Amino acid sequence: MAMRKAKLAVWKFASCDGCQLSLLDCEDELLAVAGAVDMAHFPEATSAQVKGPYDLSLVEGSITTPHDAARIHQVRRASQTLITIGACATAGGIQALRNFRNVREFLGIVYAHPEYIETLSLSTPISTHVLVDFELRGCPINKHQLLDVIAAFLHKRKPVTPAHSVCLECKRRGSVCVMVAHGLPCLGPVTHAGCGAICPAYQRGCYACFGPMESPNAPALADWLMSHGAGDSAIVRAFRTYNAYTESFRKESEAHER
Amino acid sequence: MSGRTIKVDYLSRVEGEGSLFVRIKDEQVVDAQFKIFEPPRFFEAFLRGRHFTEAPDITARICGICPVAYQMSAVHAMEDACGVKVEGPLRELRRLLYCGEWIESHVLHISMLHAPDFLGYPDAIRMAADHPEAVQRALTLKKIGNEIVTVLGGREIHPINVKVGGFHRAPRARELAPLSERLKWGLDAALETVRWTAALEIPDFSGDYEFVALRHSDEYPFNEGKLVSDRGLDIPSREYDHHFVEEHVERTHALHSIRMGGGAYMVGPLARYALNFDRLSPVAQEAARAAGLGPICRNPFRSIIVRAVETVYACDEALRIIGDYEPPPSPAIAVPPRAGTGYACTEAPRGMLYHRYRIDGSGIIRDAKIVPPTAQNQKQIEDDLRRLVQGRLELPQDQLTRQCEQAIRNYDPCISCATHFLRLTIERL
Ligand code: SF4
Ligand code: SF4
């Protein structure tokens, strides 16, 4: 008897579409993935729609509107397993920069008629609203990690996504440390592994697009940055990028805000 | 017949989320709305207060499908503000990076978003069952575009290597060389794609568009050129705001870009092609002729062929750049900040993209304006829908709906790029 294929759904909230695009960027594996699961709801890729419930939901984007705050509960109810993909869904994303400011002021800058816009004052990760089974980090996610997560789900094992820092990947890659060798600011020591330490290999410091590692020592890194000439405002900016609303990065940026 | 309505709540195979609404009364289309309901993400607001060197990384996050376009417009606008010009091998590398994005984005659009419409499939994956060669060819070709972006940019989505003044690290010649072999195959595959798209059944429909695109003295445009139209526009990018305005349309709560004193206009492949046919390389021109395209094409459904022709050009141009490549003496030139305003238009795969930044003497951004291609095409898309439906009232509802969706996909609406152009009304479920 043929096994029933797992039903996969991909959902989008406030985001750039880059993380779900990672799936279409798996050129070599796409047809195999499509053969292994039933792409039941994936509007960017298909106009076919299969009704829920879904075995696996991949959720991209953060919650920024009252409508989406309600919609995520429907998605959760329709999903057996729910995995967030990317910094927006996992940490609130770059749009969480509003969380440090008055959203009314932002509306006034961008829109001539702010009264038409319905938006929340915070951009929050999916886990603020519903139970999340697994969070995949990165802005954008690493497509090989995504494939591993899907495979892990299909085989009922745990995904292999180590919680250590980018520094370890950087050493493994054999890159020269841009901090030690060139005195460049690098957020690698506090950043979650996953990208393969791309930036140091291209001779620039990591800017933390994978967000904080498990138990990062952000104050120590900020001290180093200070001692190498960074002022408070540069440190605030360094921690306020794509994962600004995670606890450790938020605290560190606030500590340097005057 | 009295009235009927075409309503598509979630448009599929577009990037981001939008809907379509057409109302017909007494055999007249009384309303056509292409709506965008992306939540606002406030890029132009939070760019204020950031350092000008951060703009390429930050603006890349506006769109995961064409991040390079945002990076290129941002770095050129910043260099414009600081009075610096990037020339030589660094300029060539930027063209090469754009070739990579054009290839991957055009092929994604042609084969995965648009072709299924013409052949009657819900998606490329189901299309692959009957057209395995075409889909496999597309996947391999798309991958070559992604490889260029990865080698030069570090990764295909949100590349990390682009910098105001150049790159963080310039590639060695031997890093680029292996791409040449792949691109030779890619050029053939792109030519085959032109033939494949030309054989599709194309709806008979055309429009009297005003085409707007960059035009350069001797290149097919990516990053530089005057902003021209076929109705006499001929200006530098810095004059964009004097000629284009975003108009508030109460009915849809949308902002539509229009030409001041004019109306809708079209940016994107058809516009670039019509205004720059003579700048295409011979092999691309030849492919276009063989596909039955004249030097101007006014049928938006044939944009799928024009995209394939531009893919041929991008492969050809990438081969040229790699063949001539001499690594630059330094991966970037110094760009010291100075107070001022910088402007840049570049050609994203989906059309011209405008950035404007005001920075202060220490390089902090004080003001930002970004107008993505879809904002500029939005009014044109609605005009197309209105005319399309009006001419096909006799079609059954489902066919008409499908043609409307297909017409929107002609433009490749990249809705996730919603920066400031929409008045958002949230639809209640
Ligand atoms: S370059 Fe950055 S990521 Fe690599 S070892 Fe040094 S601090 Fe860590
Ligand atoms: S910013 Fe850091 S985490 Fe992101 S790609 Fe660069 S090295 Fe990796």
# chains A, B, ... in the order shown; residues from 1 in each chain; ligands from 1
$ residues_around --residues "Leu183 in chain B" --least-positions-apart "5" --cutoff "9 Å" --atoms "only C-alpha atoms" --output "VMD selection string"
chain B and resid 141 144 to 145 178 188 315 to 316 318 to 319
$ write_last_selection --atoms "C-alpha atoms" --output "PDB file, in the first residue's frame"
ATOM      1  CA  LEU B 141      19.972  27.544 -15.777  1.00  0.00           C
ATOM      2  CA  ILE B 144      23.963  29.121 -12.858  1.00  0.00           C
ATOM      3  CA  GLY B 145      22.560  32.563 -12.110  1.00  0.00           C
ATOM      4  CA  PRO B 178      34.756  27.754 -13.714  1.00  0.00           C
ATOM      5  CA  ASP B 188      22.620  27.460 -25.183  1.00  0.00           C
ATOM      6  CA  CYS B 315      24.635  34.852 -20.078  1.00  0.00           C
ATOM      7  CA  ASP B 316      26.480  36.407 -23.002  1.00  0.00           C
ATOM      8  CA  ALA B 318      28.576  37.424 -18.046  1.00  0.00           C
ATOM      9  CA  LEU B 319      30.815  35.380 -20.356  1.00  0.00           C
TER      10      LEU B 319
END
$ residues_near_ligand --ligand "ligand 1" --cutoff "9 Å" --atoms "only C-alpha atoms and all ligand atoms" --output "JSON, numbers by chain"
{"A": [165, 166, 167, 168, 169, 170, 171, 175, 176, 177, 178, 179, 180, 181, 184, 185, 186, 187, 188, 189, 190, 191, 197, 198, 199, 200, 201, 203, 204, 205, 206]}
$ atom_distance --atom1 "CA of Glu133 in chain B" --atom2 "CA of Gln406 in chain B"
23.0 Å
$ residues_around --residues "range 231-248 of chain A" --least-positions-apart "6" --cutoff "7 Å" --atoms "only C-alpha atoms" --output "list in words"
Ala87, Ala91, Gly92, Gly93, Ile94, Ala96, Leu97, Cys139, Cys209, Gly211, Ala218, Ala222, His256 and Glu257 of chain A
$ interface_residues --of "chain A" --to "chain B" --cutoff "6 Å" --atoms "only C-alpha atoms" --output "ChimeraX atom specification"
/A:14,16-18,27,43-48,95,106,109-110,117,202
$ residues_around --residues "range 274-283 of chain B" --least-positions-apart "3" --cutoff "7 Å" --atoms "only C-alpha atoms" --output "list in words"
Arg215, Asp218, Glu219, Tyr220, Leu270, Ala271, Glu286, Ala287, Pro295, Ile296, Cys297 and Tyr313 of chain B
$ residues_around --residues "Pro337 in chain B" --least-positions-apart "2" --cutoff "7 Å" --atoms "only C-alpha atoms" --output "ChimeraX atom specification"
/B:82,335,339,361-363
$ write_last_selection --atoms "N, CA, C and O atoms" --output "short mmCIF file (atom, residue, chain, number, x, y, z; two decimals), in the first residue's frame"
data_model
loop_
_atom_site.label_atom_id
_atom_site.label_comp_id
_atom_site.auth_asym_id
_atom_site.auth_seq_id
_atom_site.Cartn_x
_atom_site.Cartn_y
_atom_site.Cartn_z
N CYS B 82 28.10 61.13 -2.31
CA CYS B 82 29.46 61.43 -1.86
C CYS B 82 30.37 61.87 -3.00
O CYS B 82 31.57 62.11 -2.79
N VAL B 335 35.10 55.82 0.06
CA VAL B 335 33.97 56.74 -0.14
C VAL B 335 33.76 57.51 1.16
O VAL B 335 32.95 57.12 2.00
N ALA B 339 27.92 65.66 3.39
CA ALA B 339 26.50 65.97 3.45
C ALA B 339 25.96 66.18 2.04
O ALA B 339 26.58 66.86 1.22
N GLY B 361 27.03 64.98 7.18
CA GLY B 361 28.48 64.96 7.02
C GLY B 361 29.16 63.75 7.69
O GLY B 361 30.26 63.38 7.30
N SER B 362 28.49 63.15 8.68
CA SER B 362 29.12 61.97 9.28
C SER B 362 28.57 60.68 8.68
O SER B 362 28.84 59.59 9.19
N GLY B 363 27.79 60.80 7.62
CA GLY B 363 27.34 59.60 6.92
C GLY B 363 26.06 59.00 7.47
O GLY B 363 25.69 57.88 7.10
#
$ residues_around --residues "range 225-231 of chain B" --least-positions-apart "6" --cutoff "8 Å" --atoms "only C-alpha atoms" --output "VMD selection string"
chain B and resid 210 to 217 237 275
$ write_last_selection --atoms "N, CA, C and O atoms" --output "PDB file, in the first residue's frame"
ATOM      1  N   GLU B 210       3.423  53.751 -22.397  1.00  0.00           N
ATOM      2  CA  GLU B 210       4.632  54.567 -22.367  1.00  0.00           C
ATOM      3  C   GLU B 210       5.704  53.740 -21.663  1.00  0.00           C
ATOM      4  O   GLU B 210       5.592  53.418 -20.485  1.00  0.00           O
ATOM      5  N   PHE B 211       6.741  53.398 -22.403  1.00  0.00           N
ATOM      6  CA  PHE B 211       7.827  52.598 -21.846  1.00  0.00           C
ATOM      7  C   PHE B 211       8.849  53.491 -21.161  1.00  0.00           C
ATOM      8  O   PHE B 211       9.282  54.490 -21.755  1.00  0.00           O
ATOM      9  N   VAL B 212       9.261  53.144 -19.970  1.00  0.00           N
ATOM     10  CA  VAL B 212      10.288  53.907 -19.261  1.00  0.00           C
ATOM     11  C   VAL B 212      11.400  52.951 -18.819  1.00  0.00           C
ATOM     12  O   VAL B 212      11.134  51.919 -18.202  1.00  0.00           O
ATOM     13  N   ALA B 213      12.639  53.300 -19.176  1.00  0.00           N
ATOM     14  CA  ALA B 213      13.774  52.464 -18.771  1.00  0.00           C
ATOM     15  C   ALA B 213      15.048  53.297 -18.802  1.00  0.00           C
ATOM     16  O   ALA B 213      15.068  54.415 -19.328  1.00  0.00           O
ATOM     17  N   LEU B 214      16.109  52.737 -18.263  1.00  0.00           N
ATOM     18  CA  LEU B 214      17.414  53.377 -18.397  1.00  0.00           C
ATOM     19  C   LEU B 214      17.933  53.171 -19.819  1.00  0.00           C
ATOM     20  O   LEU B 214      17.588  52.190 -20.484  1.00  0.00           O
ATOM     21  N   ARG B 215      18.755  54.117 -20.267  1.00  0.00           N
ATOM     22  CA  ARG B 215      19.445  53.926 -21.538  1.00  0.00           C
ATOM     23  C   ARG B 215      20.867  54.461 -21.395  1.00  0.00           C
ATOM     24  O   ARG B 215      21.078  55.593 -20.964  1.00  0.00           O
ATOM     25  N   HIS B 216      21.806  53.603 -21.755  1.00  0.00           N
ATOM     26  CA  HIS B 216      23.217  53.917 -21.612  1.00  0.00           C
ATOM     27  C   HIS B 216      23.810  54.108 -23.004  1.00  0.00           C
ATOM     28  O   HIS B 216      23.299  53.561 -23.980  1.00  0.00           O
ATOM     29  N   SER B 217      24.934  54.873 -23.081  1.00  0.00           N
ATOM     30  CA  SER B 217      25.478  55.185 -24.405  1.00  0.00           C
ATOM     31  C   SER B 217      25.897  53.946 -25.181  1.00  0.00           C
ATOM     32  O   SER B 217      25.797  53.922 -26.403  1.00  0.00           O
ATOM     33  N   SER B 237      18.902  60.326 -13.507  1.00  0.00           N
ATOM     34  CA  SER B 237      18.138  59.746 -12.393  1.00  0.00           C
ATOM     35  C   SER B 237      17.802  60.780 -11.333  1.00  0.00           C
ATOM     36  O   SER B 237      16.757  60.705 -10.686  1.00  0.00           O
ATOM     37  N   LEU B 275      13.353  50.111 -25.691  1.00  0.00           N
ATOM     38  CA  LEU B 275      14.183  51.313 -25.692  1.00  0.00           C
ATOM     39  C   LEU B 275      15.661  51.015 -25.908  1.00  0.00           C
ATOM     40  O   LEU B 275      16.463  51.938 -26.080  1.00  0.00           O
TER      41      LEU B 275
END
$ closest_residue --among "B:His106, B:Arg91, B:Arg182, B:Arg174" --to "Pro331 in chain B" --atoms "only C-alpha atoms"
B:Arg91
$ residues_around --residues "range 386-400 of chain B" --least-positions-apart "2" --cutoff "10 Å" --atoms "only C-alpha atoms" --output "list in words"
Arg4, Thr5, Ile6, Val22, Arg23, Ile24, Glu27, Gln28, Val29, Val30, Asp31, Ala32, Gln33, Asp204, Phe205, Ser206, Gly207, Gln380, Ile381, Glu382, Asp383, Asp384, Arg402, Gln403, Cys404, Glu405, Gln406 and Ala407 of chain B
$ closest_residue --among "B:Pro328, B:Tyr411, B:Thr150, B:Gly165" --to "ligand 2" --atoms "only C-alpha atoms and all ligand atoms"
B:Thr150
$ atom_distance --atom1 "CA of Asp38 in chain A" --atom2 "CA of Val50 in chain A"
9.0 Å
$ select_by_dssp --residues "range 31-245 of chain A" --states "strand (DSSP E)" --output "JSON, numbers by chain"
{"A": [37, 38, 39, 40, 41, 54, 55, 56, 57, 58, 59, 60, 79, 80, 81, 82, 83, 84, 85, 134, 135, 136]}
$ write_last_selection --atoms "N, CA and C atoms" --output "PDB file, in the first residue's frame"
ATOM      1  N   VAL A  37       6.918  15.017  -0.582  1.00  0.00           N
ATOM      2  CA  VAL A  37       5.806  15.615   0.162  1.00  0.00           C
ATOM      3  C   VAL A  37       4.745  16.110  -0.821  1.00  0.00           C
ATOM      4  N   ASP A  38       3.592  16.378  -0.274  1.00  0.00           N
ATOM      5  CA  ASP A  38       2.520  16.928  -1.085  1.00  0.00           C
ATOM      6  C   ASP A  38       2.509  18.434  -0.823  1.00  0.00           C
ATOM      7  N   MET A  39       2.864  19.234  -1.828  1.00  0.00           N
ATOM      8  CA  MET A  39       2.877  20.676  -1.625  1.00  0.00           C
ATOM      9  C   MET A  39       1.435  21.173  -1.620  1.00  0.00           C
ATOM     10  N   ALA A  40       0.857  21.158  -0.459  1.00  0.00           N
ATOM     11  CA  ALA A  40      -0.586  21.348  -0.343  1.00  0.00           C
ATOM     12  C   ALA A  40      -0.985  22.817  -0.310  1.00  0.00           C
ATOM     13  N   HIS A  41      -0.116  23.664   0.211  1.00  0.00           N
ATOM     14  CA  HIS A  41      -0.405  25.105   0.261  1.00  0.00           C
ATOM     15  C   HIS A  41       0.923  25.841   0.202  1.00  0.00           C
ATOM     16  N   TYR A  54      -2.599  20.179   7.848  1.00  0.00           N
ATOM     17  CA  TYR A  54      -1.302  19.946   7.216  1.00  0.00           C
ATOM     18  C   TYR A  54      -0.374  19.244   8.204  1.00  0.00           C
ATOM     19  N   ASP A  55       0.431  18.360   7.665  1.00  0.00           N
ATOM     20  CA  ASP A  55       1.377  17.660   8.542  1.00  0.00           C
ATOM     21  C   ASP A  55       2.495  18.594   8.973  1.00  0.00           C
ATOM     22  N   LEU A  56       2.970  19.390   8.023  1.00  0.00           N
ATOM     23  CA  LEU A  56       4.093  20.270   8.325  1.00  0.00           C
ATOM     24  C   LEU A  56       3.811  21.664   7.758  1.00  0.00           C
ATOM     25  N   SER A  57       3.887  22.666   8.614  1.00  0.00           N
ATOM     26  CA  SER A  57       3.759  24.041   8.153  1.00  0.00           C
ATOM     27  C   SER A  57       5.068  24.770   8.351  1.00  0.00           C
ATOM     28  N   LEU A  58       5.532  25.417   7.291  1.00  0.00           N
ATOM     29  CA  LEU A  58       6.697  26.288   7.389  1.00  0.00           C
ATOM     30  C   LEU A  58       6.164  27.717   7.408  1.00  0.00           C
ATOM     31  N   VAL A  59       6.550  28.489   8.410  1.00  0.00           N
ATOM     32  CA  VAL A  59       6.012  29.835   8.558  1.00  0.00           C
ATOM     33  C   VAL A  59       7.123  30.856   8.402  1.00  0.00           C
ATOM     34  N   GLU A  60       6.918  31.767   7.461  1.00  0.00           N
ATOM     35  CA  GLU A  60       7.873  32.849   7.215  1.00  0.00           C
ATOM     36  C   GLU A  60       7.231  34.166   7.636  1.00  0.00           C
ATOM     37  N   SER A  79      -2.184  22.874  11.641  1.00  0.00           N
ATOM     38  CA  SER A  79      -0.869  22.270  11.424  1.00  0.00           C
ATOM     39  C   SER A  79      -0.509  21.300  12.530  1.00  0.00           C
ATOM     40  N   GLN A  80      -0.047  20.125  12.116  1.00  0.00           N
ATOM     41  CA  GLN A  80       0.407  19.206  13.136  1.00  0.00           C
ATOM     42  C   GLN A  80       1.759  19.657  13.693  1.00  0.00           C
ATOM     43  N   THR A  81       2.675  19.967  12.800  1.00  0.00           N
ATOM     44  CA  THR A  81       3.977  20.483  13.214  1.00  0.00           C
ATOM     45  C   THR A  81       4.145  21.859  12.595  1.00  0.00           C
ATOM     46  N   LEU A  82       4.646  22.812  13.390  1.00  0.00           N
ATOM     47  CA  LEU A  82       4.823  24.168  12.870  1.00  0.00           C
ATOM     48  C   LEU A  82       6.276  24.597  13.080  1.00  0.00           C
ATOM     49  N   ILE A  83       6.937  24.909  11.983  1.00  0.00           N
ATOM     50  CA  ILE A  83       8.341  25.304  12.039  1.00  0.00           C
ATOM     51  C   ILE A  83       8.475  26.719  11.482  1.00  0.00           C
ATOM     52  N   THR A  84       9.139  27.595  12.220  1.00  0.00           N
ATOM     53  CA  THR A  84       9.350  28.950  11.692  1.00  0.00           C
ATOM     54  C   THR A  84      10.637  28.957  10.885  1.00  0.00           C
ATOM     55  N   ILE A  85      10.628  29.680   9.770  1.00  0.00           N
ATOM     56  CA  ILE A  85      11.843  29.787   8.965  1.00  0.00           C
ATOM     57  C   ILE A  85      12.258  31.249   8.864  1.00  0.00           C
ATOM     58  N   PHE A 134       9.686  24.097  16.086  1.00  0.00           N
ATOM     59  CA  PHE A 134      11.123  24.251  15.818  1.00  0.00           C
ATOM     60  C   PHE A 134      11.345  25.588  15.135  1.00  0.00           C
ATOM     61  N   GLU A 135      12.485  26.244  15.462  1.00  0.00           N
ATOM     62  CA  GLU A 135      12.792  27.537  14.856  1.00  0.00           C
ATOM     63  C   GLU A 135      14.078  27.432  14.055  1.00  0.00           C
ATOM     64  N   LEU A 136      14.009  27.793  12.799  1.00  0.00           N
ATOM     65  CA  LEU A 136      15.210  27.796  11.962  1.00  0.00           C
ATOM     66  C   LEU A 136      15.647  29.239  11.770  1.00  0.00           C
TER      67      LEU A 136
END
$ closest_residue --among "A:Ile150, A:Cys88, A:Leu24, A:Met226" --to "Ser127 in chain A" --atoms "only C-alpha atoms"
A:Cys88
$ atom_distance --atom1 "CA of Thr64 in chain A" --atom2 "CA of Leu122 in chain A"
6.4 Å
$ decode --residues "range 262-273 of chain B" --atoms "all heavy atoms" --output "short mmCIF file (atom, residue, chain, number, x, y, z; two decimals), in the first residue's frame"
data_model
loop_
_atom_site.label_atom_id
_atom_site.label_comp_id
_atom_site.auth_asym_id
_atom_site.auth_seq_id
_atom_site.Cartn_x
_atom_site.Cartn_y
_atom_site.Cartn_z
N GLY B 262 1.08 63.18 -17.16
CA GLY B 262 0.75 62.06 -18.05
C GLY B 262 -0.05 61.04 -17.28
O GLY B 262 -0.83 61.40 -16.40
N GLY B 263 0.14 59.79 -17.58
CA GLY B 263 -0.63 58.78 -16.88
C GLY B 263 0.25 57.62 -16.49
O GLY B 263 1.40 57.80 -16.09
N ALA B 264 -0.33 56.42 -16.63
CA ALA B 264 0.40 55.21 -16.30
C ALA B 264 1.58 55.05 -17.25
O ALA B 264 1.59 55.58 -18.36
CB ALA B 264 -0.54 54.01 -16.43
N TYR B 265 2.58 54.34 -16.81
CA TYR B 265 3.71 54.01 -17.66
C TYR B 265 4.18 52.62 -17.29
O TYR B 265 3.79 52.09 -16.25
CB TYR B 265 4.84 55.04 -17.51
CG TYR B 265 5.41 55.16 -16.13
CD1 TYR B 265 6.59 54.50 -15.77
CD2 TYR B 265 4.76 55.90 -15.14
CE1 TYR B 265 7.12 54.60 -14.49
CE2 TYR B 265 5.27 56.00 -13.86
CZ TYR B 265 6.45 55.34 -13.54
OH TYR B 265 6.95 55.45 -12.27
N MET B 266 5.00 52.05 -18.14
CA MET B 266 5.44 50.68 -17.90
C MET B 266 6.96 50.61 -17.75
O MET B 266 7.69 51.15 -18.57
CB MET B 266 5.01 49.75 -19.04
CG MET B 266 5.35 48.28 -18.78
SD MET B 266 5.25 47.26 -20.26
CE MET B 266 3.51 46.88 -20.28
N VAL B 267 7.41 49.94 -16.68
CA VAL B 267 8.83 49.62 -16.56
C VAL B 267 8.98 48.10 -16.62
O VAL B 267 8.01 47.37 -16.44
CB VAL B 267 9.43 50.16 -15.23
CG1 VAL B 267 9.30 51.66 -15.15
CG2 VAL B 267 8.77 49.50 -14.01
N GLY B 268 10.19 47.62 -16.88
CA GLY B 268 10.40 46.17 -16.93
C GLY B 268 10.93 45.72 -18.28
O GLY B 268 11.32 46.54 -19.11
N PRO B 269 10.90 44.41 -18.51
CA PRO B 269 11.53 43.86 -19.72
C PRO B 269 11.03 44.46 -21.03
O PRO B 269 11.84 44.80 -21.90
CB PRO B 269 11.18 42.37 -19.66
CG PRO B 269 10.90 42.10 -18.23
CD PRO B 269 10.39 43.36 -17.63
N LEU B 270 9.70 44.63 -21.18
CA LEU B 270 9.20 45.17 -22.45
C LEU B 270 9.74 46.57 -22.68
O LEU B 270 10.09 46.94 -23.80
CB LEU B 270 7.67 45.22 -22.47
CG LEU B 270 6.90 43.91 -22.61
CD1 LEU B 270 5.42 44.21 -22.88
CD2 LEU B 270 7.46 43.02 -23.70
N ALA B 271 9.78 47.38 -21.61
CA ALA B 271 10.26 48.75 -21.73
C ALA B 271 11.75 48.78 -22.05
O ALA B 271 12.21 49.49 -22.96
CB ALA B 271 9.97 49.52 -20.45
N ARG B 272 12.52 48.00 -21.31
CA ARG B 272 13.97 47.96 -21.55
C ARG B 272 14.27 47.54 -22.97
O ARG B 272 15.10 48.12 -23.66
CB ARG B 272 14.63 46.94 -20.62
CG ARG B 272 15.00 47.45 -19.28
CD ARG B 272 15.91 46.49 -18.57
NE ARG B 272 15.35 45.16 -18.39
CZ ARG B 272 14.83 44.71 -17.24
NH1 ARG B 272 14.77 45.49 -16.18
NH2 ARG B 272 14.37 43.49 -17.16
N TYR B 273 13.55 46.50 -23.39
CA TYR B 273 13.79 45.92 -24.70
C TYR B 273 13.46 46.93 -25.80
O TYR B 273 14.25 47.16 -26.72
CB TYR B 273 12.93 44.66 -24.83
CG TYR B 273 12.98 43.96 -26.16
CD1 TYR B 273 13.98 43.03 -26.43
CD2 TYR B 273 12.01 44.21 -27.13
CE1 TYR B 273 14.02 42.38 -27.64
CE2 TYR B 273 12.05 43.55 -28.35
CZ TYR B 273 13.05 42.64 -28.61
OH TYR B 273 13.09 41.99 -29.81
#
